[in-house]
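Engineer: Just so it is clear, I am handing over query_35.cif, which has mmCIF, C-alpha atoms.
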```cif
data_protein
#
loop_
_atom_site.label_atom_id
_atom_site.label_comp_id
_atom_site.auth_asym_id
_atom_site.auth_seq_id
_atom_site.Cartn_x
_atom_site.Cartn_y
_atom_site.Cartn_z
CA MET A 1 100.51 87.01 68.83
CA TRP A 2 98.03 85.38 66.47
CA SER A 3 96.34 88.81 66.16
CA TYR A 4 99.63 90.59 65.40
CA ALA A 5 98.78 93.15 62.70
CA ALA A 6 101.96 92.52 60.67
CA TRP A 7 100.93 88.86 60.15
CA GLN A 8 97.45 89.56 58.80
CA GLY A 9 97.62 89.13 55.04
CA ARG A 10 101.29 88.10 55.25
CA TYR A 11 100.90 84.74 56.98
CA LEU A 12 97.28 84.68 58.09
CA PRO A 13 94.19 85.40 55.97
CA PRO A 14 93.25 89.07 56.51
CA SER A 15 89.52 88.35 56.41
CA LEU A 16 89.51 86.25 59.57
CA SER A 17 87.71 87.51 62.65
CA PRO A 18 89.78 87.79 65.83
CA ARG A 19 88.13 84.60 67.11
CA GLU A 20 89.36 82.66 64.06
CA ARG A 21 92.99 83.78 63.87
CA LEU A 22 94.34 81.30 66.38
CA SER A 23 93.20 78.35 64.25
CA ALA A 24 95.14 79.80 61.30
CA TYR A 25 98.20 80.45 63.48
CA ALA A 26 98.04 76.82 64.65
CA THR A 27 98.74 75.67 61.08
CA TRP A 28 102.05 77.56 61.22
CA CYS A 29 103.22 76.62 64.71
CA ASN A 30 102.14 74.04 67.28
CA ALA A 31 102.78 76.19 70.38
CA VAL A 32 102.22 79.75 71.54
CA GLU A 33 103.39 81.94 74.39
CA GLY A 34 100.50 83.28 76.44
CA ASN A 35 101.77 86.76 77.19
CA THR A 36 98.34 88.42 77.40
CA THR A 37 97.51 86.39 80.51
CA PHE A 38 100.25 88.35 82.30
CA TYR A 39 98.17 91.53 82.01
CA ALA A 40 94.70 90.10 82.70
CA THR A 41 93.11 86.76 83.46
CA PRO A 42 91.04 85.87 80.38
CA ALA A 43 87.33 85.13 80.48
CA VAL A 44 86.40 81.45 80.46
CA GLY A 45 84.54 81.97 77.17
CA THR A 46 87.69 83.35 75.57
CA VAL A 47 89.73 80.37 76.74
CA ARG A 48 87.03 77.99 75.51
CA SER A 49 87.39 79.59 72.07
CA TRP A 50 91.16 78.95 72.21
CA ALA A 51 90.49 75.29 72.91
CA GLU A 52 87.95 75.05 70.09
CA GLN A 53 90.45 76.50 67.60
CA THR A 54 93.31 74.14 68.41
CA SER A 55 93.95 70.41 68.44
CA PRO A 56 94.45 68.58 71.77
CA ASP A 57 98.22 68.41 71.22
CA PHE A 58 98.64 72.16 70.68
CA ARG A 59 100.80 73.74 73.40
CA PHE A 60 99.93 76.87 75.36
CA VAL A 61 102.68 78.14 77.65
CA LEU A 62 100.67 80.60 79.72
CA LYS A 63 102.20 83.35 81.82
CA LEU A 64 100.79 83.75 85.32
CA PRO A 65 99.21 87.14 85.97
CA ARG A 66 101.38 90.09 86.88
CA VAL A 67 99.55 90.55 90.18
CA VAL A 68 100.88 87.15 91.26
CA THR A 69 104.50 87.39 90.14
CA HIS A 70 105.34 91.09 90.16
CA ASP A 71 102.84 93.04 92.26
CA ARG A 72 102.54 90.59 95.18
CA ARG A 73 105.76 88.67 94.47
CA LEU A 74 104.14 85.26 95.11
CA ALA A 75 102.76 86.24 98.55
CA ASP A 76 99.04 86.23 99.45
CA VAL A 77 98.06 85.16 95.93
CA ALA A 78 95.68 82.27 96.53
CA GLU A 79 92.68 84.14 95.13
CA PRO A 80 94.22 85.38 91.83
CA VAL A 81 95.87 82.00 91.26
CA ARG A 82 92.57 80.23 91.83
CA ALA A 83 90.81 82.58 89.39
CA PHE A 84 93.52 82.03 86.78
CA LEU A 85 93.36 78.24 87.06
CA ALA A 86 89.58 78.30 86.79
CA ALA A 87 89.78 80.45 83.65
CA ILE A 88 92.21 78.19 81.80
CA GLU A 89 90.44 74.95 82.70
CA PRO A 90 88.85 74.58 79.22
CA LEU A 91 92.32 74.11 77.69
CA GLY A 92 92.83 70.77 79.39
CA SER A 93 96.03 69.16 78.11
CA ARG A 94 96.68 72.13 75.82
CA ALA A 95 97.98 73.98 78.88
CA HIS A 96 101.46 72.60 78.29
CA ALA A 97 103.07 74.60 81.10
CA LEU A 98 102.22 77.51 83.36
CA TRP A 99 104.93 80.12 83.09
CA ILE A 100 106.11 81.97 86.19
CA GLN A 101 108.11 84.93 84.88
CA LEU A 102 109.74 86.72 87.79
CA PRO A 103 110.92 90.35 87.82
CA PRO A 104 114.61 91.26 87.54
CA SER A 105 114.61 92.23 91.22
CA PHE A 106 113.68 88.67 92.25
CA SER A 107 117.02 87.53 93.64
CA PRO A 108 118.49 84.42 95.27
CA ALA A 109 117.33 85.85 98.59
CA ASP A 110 113.73 85.37 97.37
CA VAL A 111 114.01 81.70 96.41
CA GLY A 112 112.33 80.64 99.64
CA ALA A 113 109.17 82.48 98.55
CA LEU A 114 109.29 80.66 95.22
CA THR A 115 109.73 77.27 96.92
CA GLY A 116 106.69 77.88 99.12
CA PHE A 117 104.62 79.14 96.20
CA LEU A 118 105.44 76.14 94.04
CA ALA A 119 104.56 73.77 96.88
CA ARG A 120 101.04 75.23 97.06
CA LEU A 121 100.28 74.86 93.35
CA PRO A 122 98.13 71.95 92.12
CA ARG A 123 100.11 69.07 90.68
CA GLU A 124 97.93 68.53 87.60
CA TYR A 125 99.85 71.24 85.73
CA ARG A 126 103.48 71.54 84.69
CA TYR A 127 105.30 74.70 85.71
CA CYS A 128 108.22 76.63 84.31
CA VAL A 129 110.06 79.58 85.82
CA GLU A 130 111.93 82.42 84.14
CA VAL A 131 114.32 84.49 86.26
CA ARG A 132 116.19 87.61 85.18
CA HIS A 133 118.47 88.38 88.11
CA ARG A 134 122.06 88.00 86.95
CA ALA A 135 123.17 86.21 90.13
CA PHE A 136 121.30 83.07 89.07
CA PHE A 137 123.51 82.89 85.98
CA ALA A 138 126.81 84.13 87.42
CA GLU A 139 126.95 82.47 90.85
CA PRO A 140 127.01 78.64 90.98
CA ARG A 141 125.55 78.64 94.49
CA SER A 142 122.58 80.75 93.40
CA GLU A 143 122.07 78.60 90.32
CA GLN A 144 122.06 75.46 92.48
CA LEU A 145 119.64 77.06 94.94
CA LEU A 146 117.13 77.79 92.18
CA GLU A 147 117.52 74.36 90.60
CA GLN A 148 116.82 72.73 93.96
CA ALA A 149 113.67 74.82 94.40
CA LEU A 150 112.42 73.91 90.94
CA GLY A 151 113.27 70.26 91.49
CA THR A 152 110.92 70.00 94.46
CA VAL A 153 107.94 70.08 92.06
CA GLY A 154 109.60 69.13 88.77
CA ALA A 155 109.43 72.67 87.35
CA GLU A 156 111.56 73.75 84.40
CA TRP A 157 113.92 76.74 84.21
CA VAL A 158 113.09 78.79 81.07
CA PRO A 159 116.15 80.42 79.50
CA PHE A 160 115.65 83.60 77.47
CA ASP A 161 118.58 83.72 75.05
CA THR A 162 119.31 87.35 74.18
CA THR A 163 123.01 86.91 73.41
CA VAL A 164 122.58 87.52 69.68
CA LEU A 165 120.42 90.58 70.28
CA PHE A 166 123.13 92.14 72.45
CA GLY A 167 126.02 90.86 70.34
CA SER A 168 126.39 94.18 68.51
CA PRO A 169 124.72 97.60 68.67
CA PRO A 170 121.11 97.88 67.47
CA SER A 171 120.44 98.90 63.88
CA SER A 172 116.65 99.48 63.88
CA ASP A 173 114.04 101.10 66.07
CA ALA A 174 112.72 97.67 67.07
CA GLU A 175 116.20 96.53 68.06
CA ARG A 176 116.74 99.71 70.07
CA GLY A 177 113.48 99.05 71.88
CA ALA A 178 114.51 95.47 72.57
CA TRP A 179 117.83 96.66 73.98
CA THR A 180 115.84 98.72 76.47
CA ASN A 181 113.27 96.08 77.41
CA LYS A 182 114.99 92.70 77.20
CA PRO A 183 117.34 91.21 79.81
CA ARG A 184 121.04 90.94 79.01
CA LEU A 185 121.94 87.51 80.35
CA PRO A 186 124.29 84.63 79.43
CA ARG A 187 122.96 81.77 77.34
CA ARG A 188 121.78 78.84 79.46
CA ALA A 189 121.22 75.47 77.74
CA LYS A 190 120.49 73.02 80.54
CA ALA A 191 117.24 71.06 80.82
CA LEU A 192 115.94 70.11 84.26
CA THR A 193 112.89 68.11 83.14
CA ALA A 194 111.52 66.10 80.24
CA TYR A 195 109.83 69.29 78.93
CA PRO A 196 112.46 72.00 78.40
CA ILE A 197 111.30 75.38 77.10
CA VAL A 198 113.57 77.86 75.31
CA ARG A 199 112.92 81.48 74.39
CA TYR A 200 115.27 82.91 71.78
CA ILE A 201 115.36 86.40 70.29
CA GLY A 202 117.55 87.24 67.33
CA ARG A 203 117.83 90.34 65.20
CA ASP A 204 115.66 91.98 62.54
CA ASP A 205 118.20 90.66 60.02
CA ASN A 206 117.01 87.09 59.42
CA ALA A 207 120.45 85.83 58.47
CA ARG A 208 121.84 86.98 61.81
CA THR A 209 118.91 85.41 63.64
CA ILE A 210 119.51 82.06 61.91
CA ALA A 211 123.26 82.22 62.52
CA GLY A 212 122.61 82.98 66.18
CA TRP A 213 120.43 79.96 66.83
CA GLN A 214 122.98 77.45 65.53
CA PRO A 215 124.12 76.42 69.05
CA TRP A 216 120.52 75.54 69.91
CA LEU A 217 120.16 73.06 67.06
CA ALA A 218 122.48 70.49 68.60
CA THR A 219 121.04 71.12 72.07
CA VAL A 220 117.42 70.64 70.98
CA ALA A 221 118.31 67.66 68.78
CA GLY A 222 120.10 66.09 71.76
CA TRP A 223 117.08 66.60 73.98
CA LEU A 224 114.86 64.91 71.42
CA ARG A 225 117.22 61.93 71.18
CA GLU A 226 117.10 61.67 74.99
CA GLY A 227 113.31 61.36 74.81
CA ARG A 228 112.58 64.89 76.02
CA THR A 229 109.83 67.09 74.54
CA PRO A 230 111.30 70.56 74.03
CA THR A 231 109.34 73.67 73.07
CA VAL A 232 111.25 76.51 71.40
CA PHE A 233 109.93 80.02 70.76
CA ILE A 234 111.67 82.11 68.11
CA HIS A 235 111.45 85.90 68.27
CA THR A 236 112.97 88.89 66.57
CA PRO A 237 112.72 92.48 67.83
CA ASP A 238 109.92 93.30 65.37
CA ASN A 239 108.59 89.71 65.08
CA VAL A 240 107.50 90.38 61.49
CA ASP A 241 109.12 87.18 60.16
CA ALA A 242 108.84 85.16 63.38
CA LEU A 243 106.39 82.56 62.06
CA GLU A 244 108.54 81.78 59.04
CA LEU A 245 111.68 81.69 61.18
CA ALA A 246 110.05 79.35 63.70
CA ARG A 247 109.30 76.88 60.92
CA ARG A 248 112.84 77.25 59.62
CA PHE A 249 114.19 76.39 63.08
CA HIS A 250 111.94 73.32 63.21
CA ASP A 251 113.18 72.23 59.77
CA ASP A 252 116.80 72.70 60.84
CA VAL A 253 116.26 70.52 63.91
CA ARG A 254 114.40 67.95 61.84
CA ALA A 255 117.40 67.73 59.51
CA GLN A 256 119.31 66.37 62.52
CA VAL A 257 116.42 64.31 63.93
CA PRO A 258 114.47 63.04 60.88
CA GLU A 259 111.94 61.20 63.02
CA LEU A 260 110.65 64.53 64.36
CA GLU A 261 107.13 65.09 63.07
CA PRO A 262 106.83 67.84 60.43
CA LEU A 263 104.68 70.87 61.12
CA PRO A 264 101.33 71.06 59.28
CA GLU A 265 100.96 72.88 56.00
CA PRO A 266 100.09 76.49 56.82
CA VAL A 267 96.77 77.90 55.70
CA PRO A 268 97.21 80.21 52.66
CA ALA A 269 97.21 83.90 53.56
CA GLY A 270 95.26 84.72 50.41
CA PRO A 271 93.67 83.20 47.32
CA PRO A 272 95.97 81.38 44.86
CA THR A 273 97.17 83.36 41.85
CA LEU A 274 98.17 82.31 38.35
CA PHE A 275 101.55 84.00 38.43
#
```
Turn the structure described in the file into C-alpha cells.

Structural biologist:
Amino acid sequence: MWSYAAWQGRYLPPSLSPRERLSAYATWCNAVEGNTTFYATPAVGTVRSWAEQTSPDFRFVLKLPRVVTHDRRLADVAEPVRAFLAAIEPLGSRAHALWIQLPPSFSPADVGALTGFLARLPREYRYCVEVRHRAFFAEPRSEQLLEQALGTVGAEWVPFDTTVLFGSPPSSDAERGAWTNKPRLPRRAKALTAYPIVRYIGRDDNARTIAGWQPWLATVAGWLREGRTPTVFIHTPDNVDALELARRFHDDVRAQVPELEPLPEPVPAGPPTLF
C-alpha cells in the first residue's frame, strides 16, 4: 500500500523512489498489511529493503502465499512455506505475525488440516488466521472448533469487520466493487491472544467510516488496559483517506488510553508554503 498512487503527493512525497516510500509510510502508521506476499514470495533483497526502511518495532502482518492457503489448501506445502520463511528472514522482529487467510470454501470440516498445518510451523513466529466461511461465525460448535485449533499454537483469529460496508447499499464504484469482493460476515470482537489483530473497512464517506468504528474504540482500549498489544488496520473501499483515518482511529483510542504512545509526525508530502 505504501506505493498506492492516490497517496503519492497527498500523504507521501511524490519524488520518492519506490524503494523509499515505505520509510515515508512508516511515519504515518506503525504497521502494514503484507498483501503482496499473497501473490508472490518476495525476493530476499526486497525484504531487506523493507527492514532497512523501518524501525525494529514496526509491524508487518504478512499474508502467506496463495499457493499455500488457496491452491493447495495447506496440504503438501513444506517447500513454498520454507521459501517464504527464508525470504522474510531479514525482517526479524518486524514480522509481527504471519497471516493465514483462508478461502471462503474453507469450512469447519477442514479445521483438521489447519490444526496439522499450524503444528508444523516454526514457533519463532506468531500466526494469525482469517476465515470467511459463515459457519465459523453462526455456529457455536464451529467457532469453538476453530478456537481450539488456534489455541494449540497460540494463533490469533483475525476478524474482518465489514458490517458498516454492508449496512446500506453502495453509493460509489469503489463501494460496489467492495460489495462484490469483500465477505459479508458478523462483527467479531474477541481476542484469543495477547496480540489481537483487527481489519475494519468502512465507507468512502469518512463520517460513516468513523461512526462505524465506534464499537471498536472501547474494545481496543479494553485490550490495551488488559496488557494486550492490538494492531488495527483501517480501510475504506477506495482507501484514498485510509492513512489519515488510521491516525484518527489511533487518536480516538488514545483519548481513552492516554498512556498509549502517539504516532510519529508524518513526513511532509511536499515543501512548506507561505499560505

Engineer: Compare A:Gln101, A:Ser172, A:Ser107, A:Asn206 by their minimum atom-to-atom distance to Glu33 of chain A, counting all atoms listed in the file, and give me the closest one.

Structural biologist: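 Ranking A:Gln101, A:Ser172, A:Ser107, A:Asn206 by distance to Glu33 of chain A, first place goes to A:Gln101.
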
Engineer: From (106.3, 80.1, 95.5), in the file's coordinates, out to 12 Å: which residues are reached, counting all atoms listed in the file? Answer as a ChimeraX atom specification.

Structural biologist: /A:68-69,72-78,81,100-102,106,110-121,127-129,146,149-150,152-153,155

Engineer: Applying 9 Å and only C-alpha atoms, which residues near Ala97 of chain A remain after dropping the ones on its own chain fewer than 3 positions away? List them as number ranges by chain.

Structural biologist: A: 59-63, 94, 125-128, 195

Engineer: Considering only C-alpha atoms, return as a ChimeraX atom specification whatever protein or nucleic-acid residues lie within 12 Å of Gly177 of chain A, sequence-local ones (same chain, fewer than 4 positions apart) excluded.

Structural biologist: /A:165-166,169-173,181-183,203-204,236-238

Engineer: For segment 20-23 of chain A, work out the shell of residues within 7 Å, counting all atoms listed in the file and skipping chain neighbours fewer than 2 positions away, then give it as a ChimeraX atom specification.

Structural biologist: /A:2-3,16-18,25-27,53-54

Engineer: Atom CA of Pro264 of chain A and atom CA of Leu217 of chain A are how many Å apart?

Structural biologist: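 Going from atom CA of Pro264 of chain A over to atom CA of Leu217 of chain A, I get 20.5 Å.
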
Engineer: Could you give me, as a VMD selection string, the residues within 12 Å of Gly222 of chain A, counting only C-alpha atoms and dropping anything in the same chain fewer than 3 positions from it?

Structural biologist: chain A and resid 189 to 191 196 215 to 219 225 to 230 253 to 254 256 to 257

Engineer: Using only C-alpha atoms, give me every residue within 9 Å of (118.9, 85.7, 72.5) in file coordinates, as a list in words.

Structural biologist: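 So the residues meeting the distance criterion are Phe160, Asp161, Thr162, Thr163, Val164, Leu165, Phe166, Arg184, Leu185, Pro186, Arg187, Arg199, Tyr200, Ile201, Gly202, Arg203, Thr209, Gly212, Trp213, His235 and Thr236 of chain A.
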
Engineer: Grab the atom CA of Pro103 of chain A to atom CA of Glu147 of chain A distance for me, in Å with one decimal place.

Structural biologist: 17.5 Å

Engineer: What's the separation between atom CA of Asp57 of chain A and atom CA of Pro14 of chain A, in Å to one decimal place?

Structural biologist: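 One can read the atom CA of Asp57 of chain A to atom CA of Pro14 of chain A distance as 25.8 Å.
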
Engineer: Please provide the set of residues having any atom within 9 Å of Arg48 of chain A, restricted to all atoms listed in the file, with same-chain residues fewer than 2 positions apart removed, written as an MDAnalysis selection string.

Structural biologist: chainID A and resid 43:46 50:53 87:91

Engineer: Pick out the closest residue to Gly9 of chain A from this set: A:Pro56, A:Ala24, A:Leu145, A:Glu261. Count all atoms listed in the file.

Structural biologist: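 Nearest to Gly9 of chain A: A:Ala24.
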
Engineer: Please determine, counting only C-alpha atoms, which residue among A:Asp205, A:Glu79, A:Glu130, A:Leu12 has the shortest atom-to-atom distance to Glu175 of chain A.

Structural biologist: A:Asp205

Engineer: Of the residues A:Ser15, A:Asn30, A:Phe136, A:Val131, which is the one nearest to Ala246 of chain A, using all atoms listed in the file?

Structural biologist: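 Ranking A:Ser15, A:Asn30, A:Phe136, A:Val131 by distance to Ala246 of chain A, first place goes to A:Asn30.
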
Engineer: Evaluate the PyMOL selection byres ((chain A and resi 41) around 10) here and jot the selected residues down as a short mmCIF file (atom, residue, chain, number, x, y, z; two decimals) with C-alpha atoms, keeping the file's coordinate frame.

Structural biologist:
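Done, and the output landed in result04.cif:
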```cif
data_model
loop_
_atom_site.label_atom_id
_atom_site.label_comp_id
_atom_site.auth_asym_id
_atom_site.auth_seq_id
_atom_site.Cartn_x
_atom_site.Cartn_y
_atom_site.Cartn_z
CA THR A 36 98.34 88.42 77.40
CA THR A 37 97.51 86.39 80.51
CA PHE A 38 100.25 88.35 82.30
CA TYR A 39 98.17 91.53 82.01
CA ALA A 40 94.70 90.10 82.70
CA PRO A 42 91.04 85.87 80.38
CA ALA A 43 87.33 85.13 80.48
CA VAL A 44 86.40 81.45 80.46
CA VAL A 47 89.73 80.37 76.74
CA LYS A 63 102.20 83.35 81.82
CA LEU A 64 100.79 83.75 85.32
CA PRO A 65 99.21 87.14 85.97
CA ARG A 66 101.38 90.09 86.88
CA PRO A 80 94.22 85.38 91.83
CA VAL A 81 95.87 82.00 91.26
CA ALA A 83 90.81 82.58 89.39
CA PHE A 84 93.52 82.03 86.78
CA LEU A 85 93.36 78.24 87.06
CA ALA A 86 89.58 78.30 86.79
CA ALA A 87 89.78 80.45 83.65
CA ILE A 88 92.21 78.19 81.80
#
```

Engineer: Because the input lacks atoms here, generate N, CA and C atoms for segment 28-60 of chain A and report them as a PDB file, in the frame of the given file.

Structural biologist:
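Printed below is out_26.pdb as written:
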```pdb
ATOM      1  N   TRP A  28     100.652  77.136  61.378  1.00  0.00           N
ATOM      2  CA  TRP A  28     102.050  77.560  61.220  1.00  0.00           C
ATOM      3  C   TRP A  28     102.937  76.993  62.326  1.00  0.00           C
ATOM      4  N   CYS A  29     102.447  77.046  63.553  1.00  0.00           N
ATOM      5  CA  CYS A  29     103.220  76.620  64.710  1.00  0.00           C
ATOM      6  C   CYS A  29     102.328  75.798  65.629  1.00  0.00           C
ATOM      7  N   ASN A  30     102.931  74.903  66.404  1.00  0.00           N
ATOM      8  CA  ASN A  30     102.140  74.040  67.280  1.00  0.00           C
ATOM      9  C   ASN A  30     102.233  74.448  68.748  1.00  0.00           C
ATOM     10  N   ALA A  31     102.701  75.676  69.004  1.00  0.00           N
ATOM     11  CA  ALA A  31     102.780  76.190  70.380  1.00  0.00           C
ATOM     12  C   ALA A  31     102.694  77.704  70.331  1.00  0.00           C
ATOM     13  N   VAL A  32     102.292  78.292  71.457  1.00  0.00           N
ATOM     14  CA  VAL A  32     102.220  79.750  71.540  1.00  0.00           C
ATOM     15  C   VAL A  32     102.530  80.174  72.976  1.00  0.00           C
ATOM     16  N   GLU A  33     103.188  81.318  73.092  1.00  0.00           N
ATOM     17  CA  GLU A  33     103.390  81.940  74.390  1.00  0.00           C
ATOM     18  C   GLU A  33     102.148  82.736  74.766  1.00  0.00           C
ATOM     19  N   GLY A  34     101.658  82.521  75.978  1.00  0.00           N
ATOM     20  CA  GLY A  34     100.500  83.280  76.440  1.00  0.00           C
ATOM     21  C   GLY A  34     100.921  84.502  77.217  1.00  0.00           C
ATOM     22  N   ASN A  35     101.330  85.547  76.509  1.00  0.00           N
ATOM     23  CA  ASN A  35     101.770  86.760  77.190  1.00  0.00           C
ATOM     24  C   ASN A  35     100.597  87.609  77.688  1.00  0.00           C
ATOM     25  N   THR A  36      99.454  87.555  77.007  1.00  0.00           N
ATOM     26  CA  THR A  36      98.340  88.420  77.400  1.00  0.00           C
ATOM     27  C   THR A  36      97.814  88.049  78.787  1.00  0.00           C
ATOM     28  N   THR A  37      97.992  86.790  79.188  1.00  0.00           N
ATOM     29  CA  THR A  37      97.510  86.390  80.510  1.00  0.00           C
ATOM     30  C   THR A  37      98.305  87.047  81.632  1.00  0.00           C
ATOM     31  N   PHE A  38      99.461  87.618  81.312  1.00  0.00           N
ATOM     32  CA  PHE A  38     100.250  88.350  82.300  1.00  0.00           C
ATOM     33  C   PHE A  38      99.509  89.628  82.716  1.00  0.00           C
ATOM     34  N   TYR A  39      98.806  90.234  81.766  1.00  0.00           N
ATOM     35  CA  TYR A  39      98.170  91.530  82.010  1.00  0.00           C
ATOM     36  C   TYR A  39      96.742  91.398  82.535  1.00  0.00           C
ATOM     37  N   ALA A  40      96.065  90.297  82.214  1.00  0.00           N
ATOM     38  CA  ALA A  40      94.700  90.100  82.700  1.00  0.00           C
ATOM     39  C   ALA A  40      94.323  88.632  82.562  1.00  0.00           C
ATOM     40  N   THR A  41      93.625  88.124  83.543  1.00  0.00           N
ATOM     41  CA  THR A  41      93.110  86.760  83.460  1.00  0.00           C
ATOM     42  C   THR A  41      91.987  86.732  82.431  1.00  0.00           C
ATOM     43  N   PRO A  42      92.062  85.868  81.431  1.00  0.00           N
ATOM     44  CA  PRO A  42      91.040  85.870  80.380  1.00  0.00           C
ATOM     45  C   PRO A  42      89.710  85.318  80.884  1.00  0.00           C
ATOM     46  N   ALA A  43      88.642  85.682  80.167  1.00  0.00           N
ATOM     47  CA  ALA A  43      87.330  85.130  80.480  1.00  0.00           C
ATOM     48  C   ALA A  43      87.294  83.657  80.076  1.00  0.00           C
ATOM     49  N   VAL A  44      86.499  82.876  80.774  1.00  0.00           N
ATOM     50  CA  VAL A  44      86.400  81.450  80.460  1.00  0.00           C
ATOM     51  C   VAL A  44      85.935  81.244  79.029  1.00  0.00           C
ATOM     52  N   GLY A  45      85.012  82.088  78.550  1.00  0.00           N
ATOM     53  CA  GLY A  45      84.540  81.970  77.170  1.00  0.00           C
ATOM     54  C   GLY A  45      85.642  82.190  76.162  1.00  0.00           C
ATOM     55  N   THR A  46      86.547  83.105  76.450  1.00  0.00           N
ATOM     56  CA  THR A  46      87.690  83.350  75.570  1.00  0.00           C
ATOM     57  C   THR A  46      88.584  82.118  75.516  1.00  0.00           C
ATOM     58  N   VAL A  47      88.870  81.551  76.673  1.00  0.00           N
ATOM     59  CA  VAL A  47      89.730  80.370  76.740  1.00  0.00           C
ATOM     60  C   VAL A  47      89.055  79.185  76.048  1.00  0.00           C
ATOM     61  N   ARG A  48      87.751  79.071  76.194  1.00  0.00           N
ATOM     62  CA  ARG A  48      87.030  77.990  75.510  1.00  0.00           C
ATOM     63  C   ARG A  48      87.185  78.130  74.000  1.00  0.00           C
ATOM     64  N   SER A  49      87.166  79.364  73.495  1.00  0.00           N
ATOM     65  CA  SER A  49      87.390  79.590  72.070  1.00  0.00           C
ATOM     66  C   SER A  49      88.790  79.155  71.657  1.00  0.00           C
ATOM     67  N   TRP A  50      89.797  79.398  72.513  1.00  0.00           N
ATOM     68  CA  TRP A  50      91.160  78.950  72.210  1.00  0.00           C
ATOM     69  C   TRP A  50      91.198  77.430  72.069  1.00  0.00           C
ATOM     70  N   ALA A  51      90.507  76.752  72.965  1.00  0.00           N
ATOM     71  CA  ALA A  51      90.490  75.290  72.910  1.00  0.00           C
ATOM     72  C   ALA A  51      89.791  74.804  71.642  1.00  0.00           C
ATOM     73  N   GLU A  52      88.706  75.464  71.274  1.00  0.00           N
ATOM     74  CA  GLU A  52      87.950  75.050  70.090  1.00  0.00           C
ATOM     75  C   GLU A  52      88.736  75.249  68.809  1.00  0.00           C
ATOM     76  N   GLN A  53      89.681  76.196  68.807  1.00  0.00           N
ATOM     77  CA  GLN A  53      90.450  76.500  67.600  1.00  0.00           C
ATOM     78  C   GLN A  53      91.731  75.686  67.461  1.00  0.00           C
ATOM     79  N   THR A  54      92.036  74.862  68.424  1.00  0.00           N
ATOM     80  CA  THR A  54      93.310  74.140  68.410  1.00  0.00           C
ATOM     81  C   THR A  54      93.083  72.653  68.686  1.00  0.00           C
ATOM     82  N   SER A  55      94.016  71.842  68.212  1.00  0.00           N
ATOM     83  CA  SER A  55      93.950  70.410  68.440  1.00  0.00           C
ATOM     84  C   SER A  55      94.410  70.095  69.870  1.00  0.00           C
ATOM     85  N   PRO A  56      94.072  68.915  70.387  1.00  0.00           N
ATOM     86  CA  PRO A  56      94.450  68.580  71.770  1.00  0.00           C
ATOM     87  C   PRO A  56      95.941  68.595  72.043  1.00  0.00           C
ATOM     88  N   ASP A  57      96.782  68.425  70.995  1.00  0.00           N
ATOM     89  CA  ASP A  57      98.220  68.410  71.220  1.00  0.00           C
ATOM     90  C   ASP A  57      98.879  69.779  71.038  1.00  0.00           C
ATOM     91  N   PHE A  58      98.084  70.811  70.771  1.00  0.00           N
ATOM     92  CA  PHE A  58      98.640  72.160  70.680  1.00  0.00           C
ATOM     93  C   PHE A  58      99.092  72.609  72.065  1.00  0.00           C
ATOM     94  N   ARG A  59     100.196  73.381  72.120  1.00  0.00           N
ATOM     95  CA  ARG A  59     100.800  73.740  73.400  1.00  0.00           C
ATOM     96  C   ARG A  59     100.633  75.226  73.708  1.00  0.00           C
ATOM     97  N   PHE A  60      99.960  75.517  74.809  1.00  0.00           N
ATOM     98  CA  PHE A  60      99.930  76.870  75.360  1.00  0.00           C
ATOM     99  C   PHE A  60     100.901  76.918  76.534  1.00  0.00           C
TER     100      PHE A  60
END
```
